[in-house]
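Asks: The structure is given below, and queries will be raised subsequently.
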Amino acid sequence: MGCGCSKVLPAGRPSVEELRKKFVVDSPGQADDDPANAVPAGKFLRSGASLKGLIETNAVLVVVRVRPLSKKEKEKGGDANEAVKVINGQALTIKPPDAASERQFSFDACFNADASQQDVYDRSGRMVLGKVLDGYNGCVFAYGQTGSGKTFTMQGTPDAPGVIPRLCAELFERIRAFEGRRHVAVHASMCEIYNERLNDLLTRGGADEASSRDLKIREDDGLGGKGIYVDGLSEIAVDSGEAVLALLADGMKRRGIGRA
């Protein structure tokens, strides 16, 4: 999983810090109220404060989650044949079956198979959310082979919500806390890249649906411009986490699964 917040600015564009000094009036100590600061450390878990410091400095976090063994893997030997082992909150070892010894790799955060959905969200999506509310561009994505747990981590289940529903819920909680000090508007878009074409997944039929296929990526680098954006991608105003999740469910129905 990767998490990032961009601090790269086109020439002549003011920084977020400069804009905040000019336009934003916050109560004293607000930065210290960021929930990321309260995320505790654990035996296999980094503290939120340490990860927040990393994303402030490096703009990117790379975290790894190890899935539990499958039924078939357990039948073939279980823990004795486990190739990947988390040794602490920042490192894991890998020992392929034909290798003589283990190799160790380090990441910004590592989660073993016992880590909860809340543990993962606290140390990934929550870190990015704080920077987005400070005015930076943010991105959270999951990468891995089929069956590695990407959908479970990002979307989860009704009983164990993933990164997306948890981030949506906290986003609007924090926006409500800004009342009287900031105005934050949220718009949702959803697109897919399928067969090298960029498609809008939130159009609802008719002529608009035909024009939502094969959209183009463009850049608006003027002062106050959008930056990099998808030309023609629909943007729908939302006022709650539930509204975002409803759009997500609607867009999932239009994904290009099974078409070639």
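Ligands are numbered from 1 in the order shown, residues from 1 within each chain, and chains are lettered A, B, ... in the order they appear in the structure tokens.
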Could I get the residues of segment 92-123 of chain A with an atom no further than 9 Å from an atom of segment 160-163 of chain A, each paired with its nearest atom pair and that distance in Å to one decimal, using only C-alpha atoms, sorted by chain and residue number, as a tab-separated table?
Replies:
residue	atom	partner	partner_atom	distance
A:Ser116	CA	A:Ala160	CA	8.4
A:Gln117	CA	A:Gly162	CA	5.8
A:Gln118	CA	A:Gly162	CA	7.8
A:Val120	CA	A:Val163	CA	7.6
A:Tyr121	CA	A:Val163	CA	5.2
A:Asp122	CA	A:Val163	CA	8.8
Asks: As a short mmCIF file (atom, residue, chain, number, x, y, z; two decimals) with all heavy atoms, in the first residue's frame, please: the residues near Arg65 of chain A (cut-off 8 Å, only C-alpha atoms, same-chain neighbours under 6 positions excluded).
Replies:
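out_2.cif written:
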data_model
loop_
_atom_site.label_atom_id
_atom_site.label_comp_id
_atom_site.auth_asym_id
_atom_site.auth_seq_id
_atom_site.Cartn_x
_atom_site.Cartn_y
_atom_site.Cartn_z
N MET A 1 0.85 -1.18 0.00
CA MET A 1 0.00 0.00 0.00
C MET A 1 0.88 1.23 0.00
O MET A 1 1.91 1.27 0.67
CB MET A 1 -0.90 0.00 1.24
CG MET A 1 -1.80 1.24 1.36
SD MET A 1 -2.71 1.26 2.92
CE MET A 1 -3.82 -0.11 2.66
N CYS A 110 4.81 -2.03 8.88
CA CYS A 110 4.47 -3.41 8.50
C CYS A 110 3.37 -3.91 9.42
O CYS A 110 3.35 -3.61 10.62
CB CYS A 110 5.69 -4.33 8.65
SG CYS A 110 7.05 -3.98 7.52
N PHE A 111 2.45 -4.68 8.85
CA PHE A 111 1.33 -5.25 9.62
C PHE A 111 1.33 -6.75 9.45
O PHE A 111 1.35 -7.25 8.32
CB PHE A 111 0.00 -4.68 9.13
CG PHE A 111 -0.07 -3.17 9.15
CD1 PHE A 111 0.12 -2.45 7.99
CD2 PHE A 111 -0.31 -2.49 10.33
CE1 PHE A 111 0.06 -1.08 7.99
CE2 PHE A 111 -0.36 -1.10 10.35
CZ PHE A 111 -0.18 -0.39 9.17
N ASN A 112 1.27 -7.48 10.55
CA ASN A 112 1.17 -8.93 10.44
C ASN A 112 -0.28 -9.34 10.24
O ASN A 112 -1.18 -8.50 10.16
CB ASN A 112 1.80 -9.63 11.66
CG ASN A 112 1.11 -9.27 12.96
OD1 ASN A 112 -0.05 -8.84 12.97
ND2 ASN A 112 1.80 -9.47 14.08
N ALA A 113 -0.52 -10.64 10.15
CA ALA A 113 -1.86 -11.14 9.85
C ALA A 113 -2.86 -10.84 10.96
O ALA A 113 -4.08 -10.91 10.73
CB ALA A 113 -1.80 -12.64 9.58
#
Asks: Which of segment 54-249 of chain A end up as helix (DSSP H, G or I) when DSSP is run on this backbone - answer as an MDAnalysis selection string?
Replies: chainID A and resid 54:58 71:75 78:81 117:122 125:133 150:154 163:177 207:211 241:249
Asks: Find the residues around Gly232 of chain A up to 10 Å (only C-alpha atoms counted), leave out those fewer than 2 positions away in its own chain, and share them as a ChimeraX atom specification.
Replies: /A:199-200,211-217,229-230,234-235
Asks: Nearest to Glu242 of chain A: which of A:Lys95, A:Lys74, A:Arg166, A:Lys85 is it, counting only C-alpha atoms?
Replies: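 Between A:Lys95, A:Lys74, A:Arg166, A:Lys85, the residue approaching Glu242 of chain A most closely is A:Arg166.
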